[in-house]
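Q: model.cif is reproduced in full below (mmCIF, C-alpha atoms).
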data_protein
loop_
_atom_site.label_atom_id
_atom_site.label_comp_id
_atom_site.auth_asym_id
_atom_site.auth_seq_id
_atom_site.Cartn_x
_atom_site.Cartn_y
_atom_site.Cartn_z
CA MET A 1 38.99 34.12 -0.46
CA ARG A 2 36.82 34.89 2.49
CA ALA A 3 38.44 37.33 4.83
CA TYR A 4 35.69 38.02 7.33
CA MET A 5 33.10 35.89 9.07
CA SER A 6 30.97 38.69 10.46
CA LYS A 7 27.33 39.07 9.47
CA VAL A 8 26.95 35.40 8.76
CA ARG A 9 23.60 34.11 9.93
CA ALA A 10 22.89 30.65 11.13
CA GLY A 11 22.58 28.53 8.05
CA PHE A 12 22.38 25.03 9.38
CA VAL A 13 19.40 23.24 10.76
CA THR A 14 20.03 22.68 14.42
CA GLY A 15 17.89 21.70 17.32
CA ALA A 16 17.98 25.27 18.51
CA ASN A 17 16.43 26.78 15.40
CA ALA A 18 14.09 23.93 14.50
CA LYS A 19 10.39 23.76 15.11
CA ILE A 20 8.29 20.62 15.22
CA MET A 21 4.64 20.78 14.34
CA ILE A 22 2.15 17.97 14.66
CA ASP A 23 -0.85 18.66 12.48
CA ASN A 24 0.14 22.34 12.44
CA VAL A 25 0.39 22.58 16.21
CA THR A 26 3.77 23.59 17.60
CA VAL A 27 5.25 21.09 20.00
CA ALA A 28 7.57 23.47 21.79
CA TYR A 29 8.88 21.08 24.41
CA ALA A 30 9.97 18.40 22.01
CA THR A 31 13.57 17.54 22.60
CA ASN A 32 14.27 15.36 19.65
CA VAL A 33 12.67 13.91 16.60
CA GLY A 34 14.06 11.27 14.32
CA TYR A 35 12.77 9.56 11.26
CA ASP A 36 13.76 6.61 9.20
CA ILE A 37 12.87 5.95 5.58
CA ASN A 38 13.45 2.37 4.64
CA VAL A 39 13.41 1.09 1.08
CA GLN A 40 13.61 -2.66 1.04
CA THR A 41 15.36 -4.19 -1.92
CA ILE A 42 15.88 -7.71 -3.10
CA PRO A 43 19.04 -8.73 -4.89
CA ILE A 44 18.70 -10.26 -8.32
CA GLU A 45 21.25 -13.02 -8.23
CA GLY A 46 22.05 -15.49 -10.92
CA ILE A 47 24.24 -18.51 -11.37
CA GLY A 48 27.59 -17.64 -12.85
CA ARG A 49 27.99 -14.27 -11.21
CA TYR A 50 29.48 -13.24 -7.93
CA GLU A 51 27.84 -9.86 -7.87
CA VAL A 52 24.12 -9.22 -8.05
CA TRP A 53 22.58 -8.21 -11.33
CA SER A 54 20.72 -5.41 -9.60
CA ASN A 55 19.00 -4.52 -6.38
CA GLU A 56 15.31 -4.13 -7.06
CA PRO A 57 13.20 -1.91 -4.80
CA VAL A 58 10.15 -3.73 -3.52
CA SER A 59 8.78 -1.68 -0.64
CA TYR A 60 8.97 1.68 1.09
CA SER A 61 8.22 2.46 4.70
CA CYS A 62 8.91 5.23 7.14
CA SER A 63 8.94 5.41 10.88
CA GLY A 64 10.39 7.55 13.59
CA SER A 65 10.31 8.76 17.14
CA LEU A 66 10.09 11.94 19.13
CA SER A 67 10.38 12.91 22.75
CA ILE A 68 8.50 15.57 24.63
CA ILE A 69 9.37 16.97 28.03
CA ARG A 70 6.26 16.78 30.12
CA TYR A 71 4.82 19.57 32.15
CA THR A 72 1.55 19.79 33.98
CA LYS A 73 -1.28 22.24 34.23
CA ARG A 74 0.46 23.67 37.23
CA ALA A 75 3.35 24.80 35.04
CA SER A 76 1.38 27.78 33.84
CA GLU A 77 0.35 28.54 37.39
CA SER A 78 4.02 28.55 38.27
CA GLY A 79 4.68 31.34 35.83
CA ILE A 80 6.65 29.39 33.29
CA SER A 81 6.33 31.17 29.98
CA LYS A 82 4.96 29.74 26.79
CA VAL A 83 3.40 26.66 28.29
CA ASP A 84 -0.12 25.58 27.61
CA ALA A 85 -2.57 26.13 30.42
CA ASP A 86 -3.77 22.56 30.13
CA GLY A 87 -0.37 20.97 30.18
CA ASN A 88 1.21 19.08 27.32
CA THR A 89 -0.01 15.60 27.90
CA VAL A 90 -0.70 13.50 24.87
CA ASP A 91 -4.34 14.43 25.23
CA GLN A 92 -3.48 18.06 24.60
CA VAL A 93 -1.86 17.61 21.22
CA PRO A 94 -4.71 18.04 18.78
CA THR A 95 -4.79 16.09 15.56
CA GLY A 96 -7.34 15.55 12.86
CA ALA A 97 -10.71 17.19 12.90
CA SER A 98 -11.40 16.81 16.59
CA GLY A 99 -8.98 14.26 17.89
CA ASN A 100 -5.66 14.17 19.59
CA LEU A 101 -2.58 12.04 19.79
CA ALA A 102 -4.09 10.06 22.62
CA GLN A 103 -6.58 8.53 20.22
CA HIS A 104 -3.81 6.31 18.99
CA LEU A 105 -3.17 5.00 22.46
CA ASP A 106 -6.68 4.62 23.80
CA PRO A 107 -8.49 1.41 22.85
CA SER A 108 -11.87 3.08 23.05
CA LYS A 109 -10.81 5.74 20.56
CA LEU A 110 -8.70 3.78 18.12
CA LEU A 111 -11.56 3.43 15.68
CA VAL A 112 -11.97 7.18 15.40
CA SER A 113 -8.28 7.99 15.41
CA GLU A 114 -6.94 9.97 12.48
CA THR A 115 -3.46 10.06 11.09
CA PHE A 116 -1.34 13.12 11.68
CA ASP A 117 1.47 14.88 9.84
CA ILE A 118 4.76 15.83 11.42
CA LYS A 119 6.57 18.82 9.99
CA ILE A 120 9.99 20.05 10.88
CA PHE A 121 10.68 23.69 10.19
CA GLU A 122 13.79 25.77 10.21
CA LYS A 123 13.03 29.02 11.97
CA THR A 124 14.29 32.13 10.27
CA LYS A 125 14.62 35.76 11.10
CA ASP A 126 11.19 36.28 9.64
CA ALA A 127 8.85 34.31 11.86
CA ALA A 128 6.17 34.32 9.21
CA ASN A 129 8.48 32.73 6.68
CA GLU A 130 9.71 29.53 8.22
CA TYR A 131 11.19 26.93 5.95
CA ARG A 132 9.75 23.51 6.02
CA VAL A 133 12.57 21.01 6.02
CA ILE A 134 11.08 17.58 6.51
CA GLU A 135 7.54 16.29 6.43
CA ILE A 136 6.24 12.90 7.47
CA ARG A 137 2.69 12.25 6.39
CA ASP A 138 -0.14 10.17 7.76
CA CYS A 139 1.56 9.05 10.93
CA ARG A 140 0.21 6.82 13.64
CA LEU A 141 1.65 6.33 17.08
CA THR A 142 2.83 2.82 17.69
CA ARG A 143 4.39 3.19 21.08
CA ARG A 144 4.57 5.49 24.03
CA SER A 145 7.00 5.15 26.85
CA GLY A 146 8.28 7.24 29.69
CA ASN A 147 10.70 7.10 32.50
CA LEU A 148 11.02 9.14 35.65
CA ASP A 149 14.00 8.89 37.89
CA LYS A 150 15.79 10.77 40.55
CA ARG A 151 17.56 13.74 38.99
CA GLY A 152 15.60 13.38 35.81
CA ILE A 153 12.60 14.97 34.18
CA LEU A 154 9.66 13.07 32.88
CA MET A 155 9.86 12.66 29.17
CA ASP A 156 7.25 11.12 26.92
CA GLN A 157 8.82 9.11 24.17
CA PHE A 158 6.77 8.22 21.13
CA THR A 159 7.44 6.06 18.16
CA PHE A 160 5.37 6.33 15.03
CA VAL A 161 4.98 5.01 11.55
CA GLY A 162 4.11 7.16 8.57
CA VAL A 163 3.08 6.63 5.00
CA LEU A 164 5.31 9.11 3.20
CA ALA A 165 8.29 11.15 4.31
CA GLY A 166 10.66 13.44 2.60
CA ASP A 167 11.93 16.92 2.07
CA ALA A 168 9.57 19.79 1.57
CA GLY A 169 8.82 20.76 -1.97
CA ALA A 170 10.80 23.41 -3.78
CA ASP A 171 8.18 26.04 -3.06
CA ASN A 172 8.21 25.29 0.65
CA THR A 173 4.98 23.39 0.28
CA GLY A 174 4.10 19.88 -0.63
CA LEU A 175 6.36 16.92 -0.29
CA SER A 176 9.13 15.60 -2.44
CA ALA A 177 7.72 12.06 -2.15
CA SER A 178 4.40 11.00 -3.60
CA GLU A 179 2.21 7.95 -3.85
CA SER A 180 3.09 5.26 -6.34
CA GLY A 181 -0.06 3.17 -6.44
CA ASP A 182 -3.05 2.78 -8.68
CA GLU A 183 -6.64 3.60 -8.01
CA ASP A 184 -8.73 0.55 -7.35
CA LEU A 185 -11.14 -0.82 -9.95
CA LYS A 186 -10.32 1.74 -12.63
CA SER A 187 -10.22 0.68 -16.24
CA MET B 1 26.48 1.33 -13.85
CA SER B 2 24.79 4.40 -12.50
CA GLY B 3 21.50 5.39 -14.05
CA MET B 4 20.02 1.91 -13.85
CA ILE B 5 16.27 1.89 -13.34
CA PRO B 6 14.24 -0.83 -11.60
CA PHE B 7 13.95 -3.39 -14.35
CA PHE B 8 12.73 -6.70 -13.05
CA LEU B 9 9.15 -7.59 -12.41
CA THR B 10 8.37 -7.40 -8.70
CA GLY B 11 5.24 -7.17 -6.66
CA ALA B 12 5.85 -3.48 -6.26
CA ASN B 13 5.80 -2.62 -9.95
CA ALA B 14 3.14 -5.07 -11.12
CA LYS B 15 -0.46 -4.36 -11.92
CA VAL B 16 -3.24 -6.93 -11.99
CA ARG B 17 -6.39 -6.37 -13.98
CA VAL B 18 -9.48 -8.50 -13.78
CA ASN B 19 -12.13 -7.86 -16.36
CA ASN B 20 -10.04 -4.83 -17.31
CA LYS B 21 -10.40 -3.42 -13.80
CA THR B 22 -7.26 -2.62 -11.83
CA ILE B 23 -7.18 -4.70 -8.68
CA ALA B 24 -5.13 -2.27 -6.68
CA PHE B 25 -5.33 -4.14 -3.40
CA CYS B 26 -4.19 -7.43 -4.80
CA THR B 27 -1.43 -8.88 -2.67
CA ASP B 28 -0.37 -11.88 -4.67
CA LEU B 29 -1.22 -13.78 -7.80
CA SER B 30 -0.04 -17.07 -9.09
CA TYR B 31 -1.01 -19.37 -11.89
CA SER B 32 0.03 -22.73 -13.11
CA ILE B 33 -0.03 -24.24 -16.57
CA LYS B 34 -0.23 -27.96 -16.47
CA VAL B 35 0.04 -30.27 -19.44
CA ALA B 36 -0.78 -33.82 -18.44
CA HIS B 37 1.12 -36.52 -20.27
CA VAL B 38 1.07 -40.24 -20.52
CA ASN B 39 4.22 -42.31 -20.87
CA PRO B 40 3.16 -45.67 -22.30
CA LYS B 41 5.21 -48.67 -21.19
CA VAL B 42 5.28 -51.56 -23.54
CA LEU B 43 6.69 -55.05 -23.37
CA GLY B 44 10.23 -55.33 -24.54
CA MET B 45 11.29 -51.85 -23.53
CA TYR B 46 12.73 -50.55 -20.33
CA GLU B 47 11.99 -46.93 -21.07
CA GLY B 48 8.67 -45.44 -21.88
CA HIS B 49 7.65 -45.61 -25.46
CA SER B 50 6.92 -41.91 -25.77
CA VAL B 51 5.67 -38.94 -23.87
CA THR B 52 2.28 -38.07 -25.20
CA PRO B 53 0.39 -34.93 -24.19
CA LEU B 54 -3.14 -35.54 -23.04
CA SER B 55 -4.58 -32.29 -21.79
CA TYR B 56 -3.87 -28.65 -21.06
CA GLU B 57 -5.22 -26.68 -18.12
CA VAL B 58 -4.55 -23.41 -16.34
CA THR B 59 -5.24 -22.85 -12.67
CA GLY B 60 -4.28 -20.15 -10.24
CA SER B 61 -5.23 -17.90 -7.39
CA PHE B 62 -4.93 -14.34 -6.23
CA THR B 63 -5.61 -12.58 -2.97
CA ILE B 64 -7.00 -9.14 -2.30
CA ILE B 65 -7.12 -7.08 0.85
CA LYS B 66 -10.82 -6.58 1.31
CA TYR B 67 -12.59 -3.36 2.08
CA THR B 68 -16.28 -2.87 2.32
CA ARG B 69 -18.82 -1.44 -0.04
CA GLY B 70 -20.15 1.88 1.21
CA MET B 71 -17.36 2.44 3.72
CA ALA B 72 -15.70 5.11 1.58
CA GLU B 73 -19.00 6.82 0.93
CA GLN B 74 -19.87 6.70 4.60
CA HIS B 75 -16.66 8.29 5.72
CA ASP B 76 -15.86 10.60 2.87
CA GLY B 77 -19.40 11.67 2.11
CA LEU B 78 -20.96 11.93 5.53
CA HIS B 79 -18.01 12.71 7.74
CA GLY B 80 -15.39 14.14 5.42
CA ASP B 81 -12.73 11.78 6.67
CA LYS B 82 -9.53 11.32 4.75
CA LEU B 83 -9.42 7.92 3.12
CA PRO B 84 -6.58 5.72 1.92
CA PHE B 85 -5.52 6.49 -1.62
CA GLY B 86 -7.43 4.88 -4.42
CA VAL B 87 -10.31 3.17 -2.61
CA THR B 88 -13.77 3.20 -4.13
CA GLU B 89 -17.27 3.45 -2.79
CA THR B 90 -18.19 0.18 -4.41
CA GLY B 91 -15.86 -1.82 -2.24
CA ASN B 92 -13.45 -4.20 -3.90
CA GLY B 93 -15.28 -7.47 -3.57
CA ILE B 94 -15.87 -9.71 -6.51
CA GLY B 95 -19.18 -7.99 -7.25
CA ALA B 96 -17.35 -4.78 -8.13
CA TRP B 97 -15.23 -6.22 -10.91
CA GLY B 98 -17.88 -5.80 -13.53
CA PRO B 99 -17.31 -3.99 -16.78
CA ASP B 100 -19.07 -0.83 -15.66
CA GLY B 101 -17.56 -0.76 -12.23
CA VAL B 102 -20.87 -0.55 -10.42
CA VAL B 103 -21.30 -2.91 -7.56
CA TYR B 104 -23.57 -5.77 -8.21
CA ASP B 105 -26.88 -5.27 -6.49
CA LEU B 106 -27.68 -8.23 -4.33
CA THR B 107 -31.30 -8.16 -5.41
CA ALA B 108 -30.75 -7.49 -9.09
CA SER B 109 -31.13 -9.96 -11.86
CA GLY B 110 -29.55 -10.14 -15.22
CA ASN B 111 -26.50 -11.46 -16.88
CA ASP B 112 -23.78 -9.10 -17.95
CA GLY B 113 -20.64 -11.09 -17.55
CA ARG B 114 -19.46 -10.34 -14.03
CA ALA B 115 -16.88 -12.41 -12.25
CA ASN B 116 -19.17 -12.86 -9.30
CA GLN B 117 -21.51 -14.89 -11.46
CA SER B 118 -19.03 -17.68 -11.00
CA LEU B 119 -20.08 -17.86 -7.36
CA ASN B 120 -23.82 -17.40 -7.65
CA PRO B 121 -25.87 -20.54 -8.27
CA VAL B 122 -28.64 -18.69 -10.01
CA TYR B 123 -26.27 -17.34 -12.65
CA LEU B 124 -23.99 -20.29 -13.15
CA LYS B 125 -25.90 -21.53 -16.16
CA ASN B 126 -25.54 -18.23 -18.00
CA SER B 127 -22.36 -16.89 -16.43
CA VAL B 128 -19.71 -15.36 -18.63
CA MET B 129 -16.00 -15.87 -18.35
CA PHE B 130 -13.56 -13.03 -17.74
CA ASP B 131 -9.88 -12.27 -18.29
CA ILE B 132 -7.01 -11.73 -15.87
CA GLU B 133 -4.07 -9.67 -17.01
CA VAL B 134 -0.73 -8.90 -15.39
CA TYR B 135 1.33 -5.88 -16.36
CA GLN B 136 4.70 -4.52 -15.41
CA LYS B 137 4.67 -0.84 -14.66
CA GLY B 138 7.55 1.23 -15.95
CA PRO B 139 9.04 4.47 -14.72
CA HIS B 140 7.26 6.60 -17.31
CA ASN B 141 3.68 5.56 -16.62
CA ASP B 142 4.12 2.83 -19.18
CA GLU B 143 2.65 -0.61 -18.79
CA VAL B 144 3.95 -3.70 -20.49
CA PRO B 145 1.82 -6.84 -20.53
CA VAL B 146 3.34 -9.85 -18.80
CA ALA B 147 0.62 -12.44 -18.83
CA GLN B 148 -2.96 -12.80 -19.92
CA LEU B 149 -5.28 -15.51 -18.71
CA PRO B 150 -8.32 -15.45 -20.94
CA ASN B 151 -11.63 -17.08 -20.18
CA CYS B 152 -11.38 -17.51 -16.43
CA ARG B 153 -13.90 -18.71 -13.94
CA ILE B 154 -13.70 -18.44 -10.20
CA ILE B 155 -13.94 -21.87 -8.67
CA GLN B 156 -13.28 -21.09 -5.02
CA SER B 157 -13.39 -18.06 -2.77
CA ASP B 158 -11.82 -18.10 0.68
CA PHE B 159 -12.39 -15.23 3.07
CA LYS B 160 -10.10 -14.88 6.03
CA LEU B 161 -10.36 -12.52 8.95
CA SER B 162 -8.14 -12.84 11.93
CA LYS B 163 -7.17 -10.92 14.99
CA ARG B 164 -4.20 -8.71 14.11
CA GLY B 165 -4.76 -9.21 10.44
CA VAL B 166 -6.56 -7.45 7.65
CA ALA B 167 -9.38 -9.26 5.95
CA THR B 168 -8.22 -11.01 2.83
CA GLN B 169 -10.05 -12.92 0.20
CA THR B 170 -8.36 -15.52 -1.94
CA PHE B 171 -9.90 -16.50 -5.24
CA GLN B 172 -8.94 -19.64 -7.05
CA PHE B 173 -9.63 -19.74 -10.73
CA ILE B 174 -9.30 -21.85 -13.79
CA ALA B 175 -8.66 -20.47 -17.23
CA VAL B 176 -8.81 -21.89 -20.70
CA TYR B 177 -5.51 -20.44 -21.89
CA ALA B 178 -2.48 -18.65 -20.51
CA ASN B 179 -0.71 -16.19 -22.76
CA GLU B 180 2.57 -14.62 -21.81
CA ASP B 181 4.73 -11.88 -23.23
CA THR B 182 6.78 -14.35 -25.23
CA PHE B 183 4.17 -16.75 -26.48
CA VAL B 184 0.50 -16.81 -27.30
CA THR B 185 -1.63 -19.89 -27.11
CA SER B 186 -4.38 -20.78 -29.48
CA ALA B 187 -7.14 -23.29 -29.79
CA SER B 188 -6.11 -26.82 -30.67
CA GLY B 189 -9.37 -27.81 -32.25
CA VAL B 190 -13.07 -27.40 -32.38
CA GLY B 191 -14.08 -30.98 -31.94
CA GLN B 192 -15.67 -33.18 -34.54
CA ASN B 193 -19.28 -33.01 -33.68
CA LEU B 194 -21.22 -34.50 -36.53
CA GLY B 195 -18.66 -33.21 -38.98
CA SER B 196 -18.55 -34.52 -42.49
#
Do you think you could lay out the structure here as structure tokens?
A:
Amino acid sequence: MRAYMSKVRAGFVTGANAKIMIDNVTVAYATNVGYDINVQTIPIEGIGRYEVWSNEPVSYSCSGSLSIIRYTKRASESGISKVDADGNTVDQVPTGASGNLAQHLDPSKLLVSETFDIKIFEKTKDAANEYRVIEIRDCRLTRRSGNLDKRGILMDQFTFVGVLAGDAGADNTGLSASESGDEDLKS
Amino acid sequence: MSGMIPFFLTGANAKVRVNNKTIAFCTDLSYSIKVAHVNPKVLGMYEGHSVTPLSYEVTGSFTIIKYTRGMAEQHDGLHGDKLPFGVTETGNGIGAWGPDGVVYDLTASGNDGRANQSLNPVYLKNSVMFDIEVYQKGPHNDEVPVAQLPNCRIIQSDFKLSKRGVATQTFQFIAVYANEDTFVTSASGVGQNLGS
């Protein structure tokens, strides 16, 4: 029987102790991130049965969305702490070797755009030992939207698709999901 | 009923091999076995006299998502870009389905049994047939053969590129036989040329 609740640290993943990283860059002003793993199945149905024989998996896909509160270059001039001096527009979120998120939304840069990984960490007491919770690999932005209204802040909303998503590996690295396919033209 | 694994053959757990090469970017494959019959009608009978088989033929088609020869080398070798899993530098066109996996040089000559010979006028006289095989992949890296279409030739190639679509190439083929997991065909005869 547990008599006391003192000295119990936060043990759940909440928005307050989570960290979102896009290609290993912290997105500190993200307000939410959601992901969806969808495994499509087809029912094997036969004459003479009411129930299906089985539900066979035929495809896997993942997608999601995240929102980022926008600030401008002037935010740093205003003395707000922990903001980037160049603002946090989509151009400022670096991905790939030399690209950024905006590559996915700029027709002139789509051909050089690179996929990005989204990682969700649980922050711990030891800042150098954060636990990776979820990882979504090889994402591409499919939509950006925003809305500004009286009494509201500007928020960039992004939707994305990824190739693989899942929990972090047991050793806090890797991914619990892996590719299923074959290599082309191998004997 | 817990513990049931995916059991039925679906597009997701199938593997297609052409000339013993995995065609990883194949999107669909179909084949048809057709046995033509004649049903002779004779005077004095309402129904046909019999149903007599006349011929046996196998036709089919499959489609691949096309990528280009040299694209992987260009990006991976020169620029260090990350590439989709499993692509090759040879591209996956019909010229890359040869037994040694090296893309067929457009200026080369020779005859070594490549599927693309079916589409090249200069090689048609000496072209060699190839096999198509379909396997079902299991959960333990096992493969079970489903169908085998020996002695195929490509008879039509259709390339399609559209706005908002990936380039696909559909190959129609004919085969001499079609073997499946539950039955194996065999030759019906060798003809009677000048036999005694």
Q: In Å, with one decimal, what is the gap from CA of Ala115 (chain B) to CA of Thr182 (chain B)?
A: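 Rounded to one decimal, the two atoms are 27.1 Å apart.
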Q: List the neighbours of Ser76 (chain A) out to 9 Å using only C-alpha atoms; skip same-chain residues closer than 4 positions along the sequence, and give me the result as an MDAnalysis selection string.
A: chainID A and resid 72 80:87
Q: Please write the residues picked by the PyMOL selection byres ((chain A and resi 170-183) around 7) on this file as a list in words.
A: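 Written out, the selection comes to Tyr131, Arg132, Glu135, Leu164, Ala165, Gly166, Asp167, Ala168, Gly169, Asp184, Leu185 and Lys186 of chain A; Ala24, Gly86 and Val87 of chain B.
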Q: Which residues match the PyMOL selection byres ((chain A and resi 146) around 6) in the file above, as a PDB file with C-alpha atoms, in the frame of the given file?
A:
ATOM      1  CA  SER A 145       7.000   5.150  26.850  1.00  0.00           C
ATOM      2  CA  ASN A 147      10.700   7.100  32.500  1.00  0.00           C
ATOM      3  CA  MET A 155       9.860  12.660  29.170  1.00  0.00           C
ATOM      4  CA  ASP A 156       7.250  11.120  26.920  1.00  0.00           C
ATOM      5  CA  GLN A 157       8.820   9.110  24.170  1.00  0.00           C
TER       6      GLN A 157
END
Q: Can you spell out as a ChimeraX atom specification the set of residues that the PyMOL selection byres ((chain A and resi 144) around 12) selects in the structure I just provided?
A: /A:65-68,89-90,101-102,104-106,140-143,145-147,155-160
Q: I need the chain A residues near chain B as an MDAnalysis selection string; criterion: at most 12 Å, counting all atoms listed in the file.
A: chainID A and resid 39:45 53:60 96:98 112:116 138 163 178:187
Q: Quick one: pull the distance between CA of Ala30 (chain A) and CA of Thr95 (chain A), Å, one decimal.
A: 16.3 Å
Q: Record the distance separating CA of Gln103 (chain A) and CA of Thr26 (chain A), expressed in Å with one decimal.
A: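 A separation of 18.5 Å between them.
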Q: Could you name the residues that touch region 133-135 of chain B at 7 Å or less, counting all atoms listed in the file, but leaving out those on the same chain fewer than 5 positions away, as a PyMOL selection string?
A: chain B and resi 14-18+143-149
Q: May I have the residues within 9 Å of region 50-59 of chain B as an MDAnalysis selection string, using all atoms listed in the file and disregarding those fewer than 6 positions away in the same chain?
A: chainID B and resid 30:41 149 152 172:178
Q: For Asn38 (chain A), which residue out of A:Gly64, A:Tyr50, A:Asp149, A:Pro94 is the nearest one, using all atoms listed in the file?
A: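 Comparing A:Gly64, A:Tyr50, A:Asp149, A:Pro94 against Asn38 (chain A), the winner is A:Gly64.
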Q: I want to know what sits within 6 Å of Phe62 (chain B), based on only C-alpha atoms, with residues of the same chain fewer than 6 positions away left out; could you give that as a list in words?
A: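 These residues fall inside the cut-off: Asp28, Leu29, Thr170 and Phe171 of chain B.
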Q: Pick the closest to Phe12 (chain A) from A:Val52, A:Val133, A:Ile153, A:Ala127: which is it, counting only C-alpha atoms?
A: A:Val133
Q: Which residue, B:His75, B:Lys66, B:His49, B:His140, has the smallest gap to Leu161 (chain B) when you use all atoms listed in the file?
A: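 Comparing B:His75, B:Lys66, B:His49, B:His140 against Leu161 (chain B), the winner is B:Lys66.
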Q: Measuring between only C-alpha atoms, which one of B:Arg164, B:Asn151, B:Gln136, B:Thr27 shows the shortest distance to Asp181 (chain B)?
A: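 Of all the options, B:Gln136 lies closest to Asp181 (chain B).
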